[in-house]
>>> print(open('data_16.txt').read())   # compact mmCIF, C-alpha atoms
# COMPACT_ATOMS: atom_id res chain seq x y z
CA MET S 1 -29.29 -58.55 -7.55
CA ALA S 2 -29.61 -60.27 -4.18
CA GLY S 3 -26.63 -61.26 -2.09
CA THR S 4 -24.60 -60.20 0.89
CA LEU S 5 -23.17 -56.74 1.08
CA ASP S 6 -19.69 -58.13 1.71
CA GLU S 7 -19.77 -60.01 -1.56
CA ALA S 8 -21.09 -56.99 -3.45
CA PHE S 9 -18.41 -54.79 -1.90
CA MET S 10 -15.60 -57.11 -2.97
CA ALA S 11 -17.00 -57.47 -6.46
CA HIS S 12 -17.54 -53.72 -6.97
CA ARG S 13 -14.67 -52.27 -4.94
CA PRO S 14 -13.00 -50.53 -7.94
CA ALA S 15 -16.35 -49.06 -9.04
CA LEU S 16 -17.01 -47.76 -5.51
CA LEU S 17 -13.56 -46.17 -5.46
CA ARG S 18 -14.31 -44.46 -8.81
CA TYR S 19 -17.68 -43.35 -7.38
CA PHE S 20 -15.94 -41.61 -4.47
CA ARG S 21 -13.35 -39.97 -6.71
CA ALA S 22 -15.98 -38.85 -9.25
CA ARG S 23 -17.86 -37.06 -6.47
CA GLY S 24 -14.90 -35.04 -5.33
CA ALA S 25 -13.38 -37.22 -2.60
CA GLY S 26 -9.95 -36.96 -4.19
CA ASP S 27 -7.28 -38.21 -1.81
CA GLU S 28 -9.92 -39.24 0.71
CA ALA S 29 -11.47 -41.80 -1.66
CA ASP S 30 -9.38 -44.65 -0.23
CA ASP S 31 -10.23 -43.58 3.31
CA LEU S 32 -13.92 -43.44 2.49
CA LEU S 33 -13.74 -46.89 0.92
CA GLN S 34 -12.03 -48.19 4.07
CA ASP S 35 -14.70 -46.58 6.26
CA LEU S 36 -17.38 -48.21 4.13
CA TRP S 37 -15.71 -51.59 4.57
CA MET S 38 -15.43 -51.03 8.35
CA LYS S 39 -19.16 -50.27 8.56
CA LEU S 40 -19.95 -53.39 6.59
CA SER S 41 -17.65 -55.53 8.73
CA ALA S 42 -19.16 -54.18 11.93
CA ALA S 43 -22.67 -54.94 10.68
CA GLY S 44 -21.86 -58.58 9.90
CA SER S 45 -23.23 -60.53 6.97
CA ILE S 46 -26.29 -58.62 5.73
CA GLU S 47 -28.53 -59.73 2.89
CA ALA S 48 -30.13 -57.05 0.72
CA ASP S 49 -32.55 -57.25 -2.22
CA ASP S 50 -30.38 -54.92 -4.27
CA SER S 51 -26.99 -55.05 -2.55
CA LEU S 52 -25.28 -52.80 -5.10
CA ALA S 53 -27.85 -50.02 -4.68
CA TYR S 54 -27.56 -50.42 -0.92
CA LEU S 55 -23.76 -50.06 -1.12
CA TYR S 56 -23.99 -46.93 -3.24
CA ARG S 57 -26.52 -45.44 -0.81
CA MET S 58 -24.12 -46.19 2.06
CA ALA S 59 -21.27 -44.61 0.06
CA HIS S 60 -23.36 -41.51 -0.63
CA ASN S 61 -24.33 -41.15 3.04
CA LEU S 62 -20.71 -41.62 4.09
CA MET S 63 -19.63 -38.79 1.79
CA LEU S 64 -22.39 -36.56 3.14
CA ASP S 65 -21.25 -37.28 6.70
CA ARG S 66 -17.65 -36.39 5.80
CA ARG S 67 -18.67 -33.14 4.11
CA ARG S 68 -20.92 -32.11 7.00
CA GLY S 69 -18.10 -32.83 9.42
CA ALA S 70 -15.68 -30.78 7.33
CA VAL S 71 -18.13 -27.86 7.22
CA ARG S 72 -18.64 -28.05 11.00
CA ARG S 73 -14.89 -28.09 11.59
CA ARG S 74 -14.34 -25.14 9.25
CA LEU S 75 -17.12 -23.11 10.90
CA ARG S 76 -15.84 -23.98 14.36
CA GLU S 77 -12.34 -22.86 13.37
CA GLU S 78 -13.67 -19.62 11.85
CA ASN S 79 -15.72 -18.88 14.96
CA TYR S 80 -12.75 -19.66 17.17
CA GLN S 81 -10.53 -17.39 15.09
CA GLU S 82 -13.11 -14.58 15.29
CA VAL S 83 -13.19 -14.89 19.07
CA ILE S 84 -9.42 -14.76 19.23
CA ASP S 85 -9.26 -11.80 16.85
CA ASP S 86 -11.95 -9.94 18.80
CA THR S 87 -10.18 -10.20 22.13
CA ASP S 88 -8.46 -6.96 22.90
CA GLU S 89 -5.31 -7.65 24.83
CA THR S 90 -4.40 -4.00 25.10
CA PRO S 91 -4.14 -3.17 28.77
CA GLY S 92 -6.52 -0.54 30.04
CA ALA S 93 -5.33 2.94 30.92
CA GLU S 94 -5.60 2.21 34.63
CA HIS S 95 -3.50 -0.94 34.26
CA VAL S 96 -0.82 0.94 32.30
CA LEU S 97 -0.76 3.65 34.94
CA LEU S 98 -0.43 1.05 37.71
CA ALA S 99 2.42 -0.69 35.87
CA ARG S 100 4.29 2.58 35.47
CA GLU S 101 3.75 3.40 39.12
CA ALA S 102 4.96 -0.07 40.09
CA LEU S 103 8.13 0.35 38.05
CA GLN S 104 8.78 3.74 39.60
CA ARG S 105 8.19 2.32 43.04
CA ILE S 106 10.61 -0.59 42.49
CA GLU S 107 13.22 1.81 41.09
CA ALA S 108 12.78 4.06 44.13
CA VAL S 109 13.17 1.08 46.46
CA LEU S 110 16.35 0.03 44.66
CA ALA S 111 17.71 3.60 44.75
CA GLY S 112 17.01 3.70 48.48
CA LEU S 113 19.27 0.70 49.04
CA GLY S 114 22.34 2.64 48.01
CA PRO S 115 24.21 2.86 44.72
CA LYS S 116 26.36 -0.23 45.32
CA THR S 117 23.44 -2.56 46.11
CA GLU S 118 21.38 -1.11 43.28
CA HIS S 119 24.25 -1.55 40.81
CA ILE S 120 24.91 -5.13 41.94
CA PHE S 121 21.22 -5.99 41.66
CA ARG S 122 20.91 -4.50 38.15
CA ARG S 123 24.13 -6.18 36.95
CA HIS S 124 22.94 -9.56 38.15
CA ARG S 125 19.16 -9.50 37.52
CA VAL S 126 18.90 -7.18 34.53
CA GLU S 127 22.17 -7.71 32.71
CA GLY S 128 22.53 -11.37 33.69
CA ILE S 129 26.11 -11.10 34.95
CA ALA S 130 27.21 -13.98 37.20
CA GLN S 131 27.71 -13.23 40.88
CA ARG S 132 31.35 -14.33 40.74
CA ASP S 133 32.04 -11.86 37.93
CA ILE S 134 30.38 -9.03 39.86
CA ALA S 135 32.45 -9.92 42.92
CA ALA S 136 35.63 -9.72 40.85
CA GLU S 137 34.50 -6.43 39.33
CA PHE S 138 33.92 -4.86 42.78
CA GLY S 139 36.90 -6.56 44.39
CA VAL S 140 34.74 -8.15 47.11
CA THR S 141 33.89 -11.69 48.12
CA LEU S 142 31.06 -13.70 46.64
CA SER S 143 29.43 -13.67 50.07
CA ALA S 144 29.34 -9.85 50.03
CA ILE S 145 27.60 -9.88 46.64
CA GLU S 146 25.08 -12.42 47.93
CA LYS S 147 24.32 -10.20 50.94
CA HIS S 148 23.73 -7.18 48.69
CA LEU S 149 21.42 -9.26 46.49
CA GLN S 150 19.50 -10.61 49.49
CA LYS S 151 18.99 -7.06 50.75
CA ALA S 152 17.68 -6.03 47.32
CA TYR S 153 15.46 -9.12 46.98
CA ARG S 154 13.84 -8.50 50.36
CA ALA S 155 13.16 -4.85 49.54
CA VAL S 156 11.76 -5.66 46.08
CA ALA S 157 9.61 -8.49 47.49
CA ALA S 158 8.11 -6.17 50.11
CA ALA S 159 7.38 -3.54 47.45
CA GLN S 160 5.82 -6.17 45.17
CA ALA S 161 3.59 -7.40 47.98
CA ASP S 162 2.26 -3.86 48.45
CA LEU S 163 1.80 -3.49 44.70
CA MET S 164 -0.05 -6.81 44.39
CA LYS S 165 -2.44 -5.75 47.11
CA ASN S 166 -3.12 -2.50 45.26
CA GLU S 167 -3.54 -4.34 41.95
CA ALA S 168 -6.02 -6.76 43.52
CA ASP S 169 -8.06 -3.78 44.70
CA VAL S 170 -8.06 -2.39 41.15
CA ARG S 171 -9.21 -5.74 39.70
CA VAL S 172 -12.09 -5.84 42.13
CA ARG S 173 -13.09 -2.36 40.94
CA GLU S 174 -12.80 -3.43 37.28
CA VAL S 175 -15.05 -6.44 37.86
CA LYS S 176 -17.61 -4.25 39.57
CA ASP S 177 -17.46 -1.77 36.68
CA ASP S 178 -17.90 -4.57 34.12
CA ARG S 179 -21.03 -5.81 35.88
CA ARG S 180 -22.71 -2.43 35.60
>>> encode(input="data_16.txt", output="structure tokens")
Amino acid sequence: MAGTLDEAFMAHRPALLRYFRARGAGDEADDLLQDLWMKLSAAGSIEADDSLAYLYRMAHNLMLDRRRGAVRRRLREENYQEVIDDTDETPGAEHVLLAREALQRIEAVLAGLGPKTEHIFRRHRVEGIAQRDIAAEFGVTLSAIEKHLQKAYRAVAAAQADLMKNEADVRVREVKDDRR
């Protein structure tokens, strides 16, 4: 049955669609048929000795390619999920200890600023109370609240800078330990 593949495709389109569905393509049968047509269109007008057999071979290869791709995607997703599941995000004992020490240090710095400044800082930063409301609560101006907050911010920033330096030293030690 000689002829062009385009002609054979048009004549046997319903049979090719049934072929895809019979081999488990299901909802993808129409997509596979479209892909087959796109391959034929890209190739131009091709003559074949047995154009129908050639079309079915193309259809078979197209299904194999889809299945292989699906298997690769599934395996890639499983491997990715295993990597994600295997990562232990639990902080190490040293990191937990450093975090606790950092919190204690920040609390000590805040306590050293005086009860009023500490209370204003906690009300604003921890509890989320607006500065105007805190000013009304204390019976002071907004400017006074801002000055207390600036004092607290400077003290906390200085403490954090010291802590970050210490944490960087710990990370360097962890990297060295991991290399051993």
>>> closest_residue(input="data_16.txt", among="S:Tyr19, S:Ala155, S:Asp6, S:Arg66", to="S:Ala42", atoms="only C-alpha atoms")
S:Asp6
>>> residues_around(input="data_16.txt", residues="stretch 99-101 of chain S", least_positions_apart="2", cutoff="12 Å", atoms="only C-alpha atoms", output="list in words")
Pro91, Gly92, Ala93, Glu94, His95, Val96, Leu97, Leu103, Gln104, Arg105, Ile106, Glu107, Ala108, Ala159, Gln160, Asp162, Leu163, Met164, Asn166, Glu167 and Val170 of chain S
>>> closest_residue(input="data_16.txt", among="S:Glu146, S:Glu118, S:Asp31, S:Asp50", to="S:Gln131", atoms="all atoms listed in the file")
S:Glu146
>>> closest_residue(input="data_16.txt", among="S:Phe138, S:Tyr56, S:Tyr80, S:Phe9", to="S:Gln34", atoms="all atoms listed in the file")
S:Phe9
>>> atom_distance(input="data_16.txt", atom1="atom CA of S:Glu28", atom2="atom CA of S:Glu7")
23.1 Å
>>> residues_around(input="data_16.txt", residues="S:Asn61", least_positions_apart="5", cutoff="12 Å", atoms="only C-alpha atoms", output="tab-separated table (two decimals) with C-alpha atoms, in the coordinates of the input")
chain	number	residue	atom	x	y	z
S	20	PHE	CA	-15.94	-41.61	-4.47
S	32	LEU	CA	-13.92	-43.44	2.49
S	35	ASP	CA	-14.70	-46.58	6.26
S	36	LEU	CA	-17.38	-48.21	4.13
S	39	LYS	CA	-19.16	-50.27	8.56
S	54	TYR	CA	-27.56	-50.42	-0.92
S	55	LEU	CA	-23.76	-50.06	-1.12
S	56	TYR	CA	-23.99	-46.93	-3.24
S	66	ARG	CA	-17.65	-36.39	5.80
S	67	ARG	CA	-18.67	-33.14	4.11
S	68	ARG	CA	-20.92	-32.11	7.00
>>> atom_distance(input="data_16.txt", atom1="atom CA of S:Lys147", atom2="atom CA of S:Arg125")
14.4 Å
>>> residues_around(input="data_16.txt", residues="S:Arg21", least_positions_apart="2", cutoff="12 Å", atoms="all atoms listed in the file", output="list in words")
Pro14, Ala15, Leu16, Leu17, Arg18, Tyr19, Arg23, Gly24, Ala25, Gly26, Asp27, Glu28, Ala29, Asp30, Asp31, Leu32, Leu33, Ala59, His60 and Met63 of chain S
>>> atom_distance(input="data_16.txt", atom1="atom CA of S:Asp133", atom2="atom CA of S:Ile145")
10.0 Å
>>> closest_residue(input="data_16.txt", among="S:Trp37, S:Thr117, S:Arg76, S:Leu142", to="S:Ala130", atoms="all atoms listed in the file")
S:Leu142
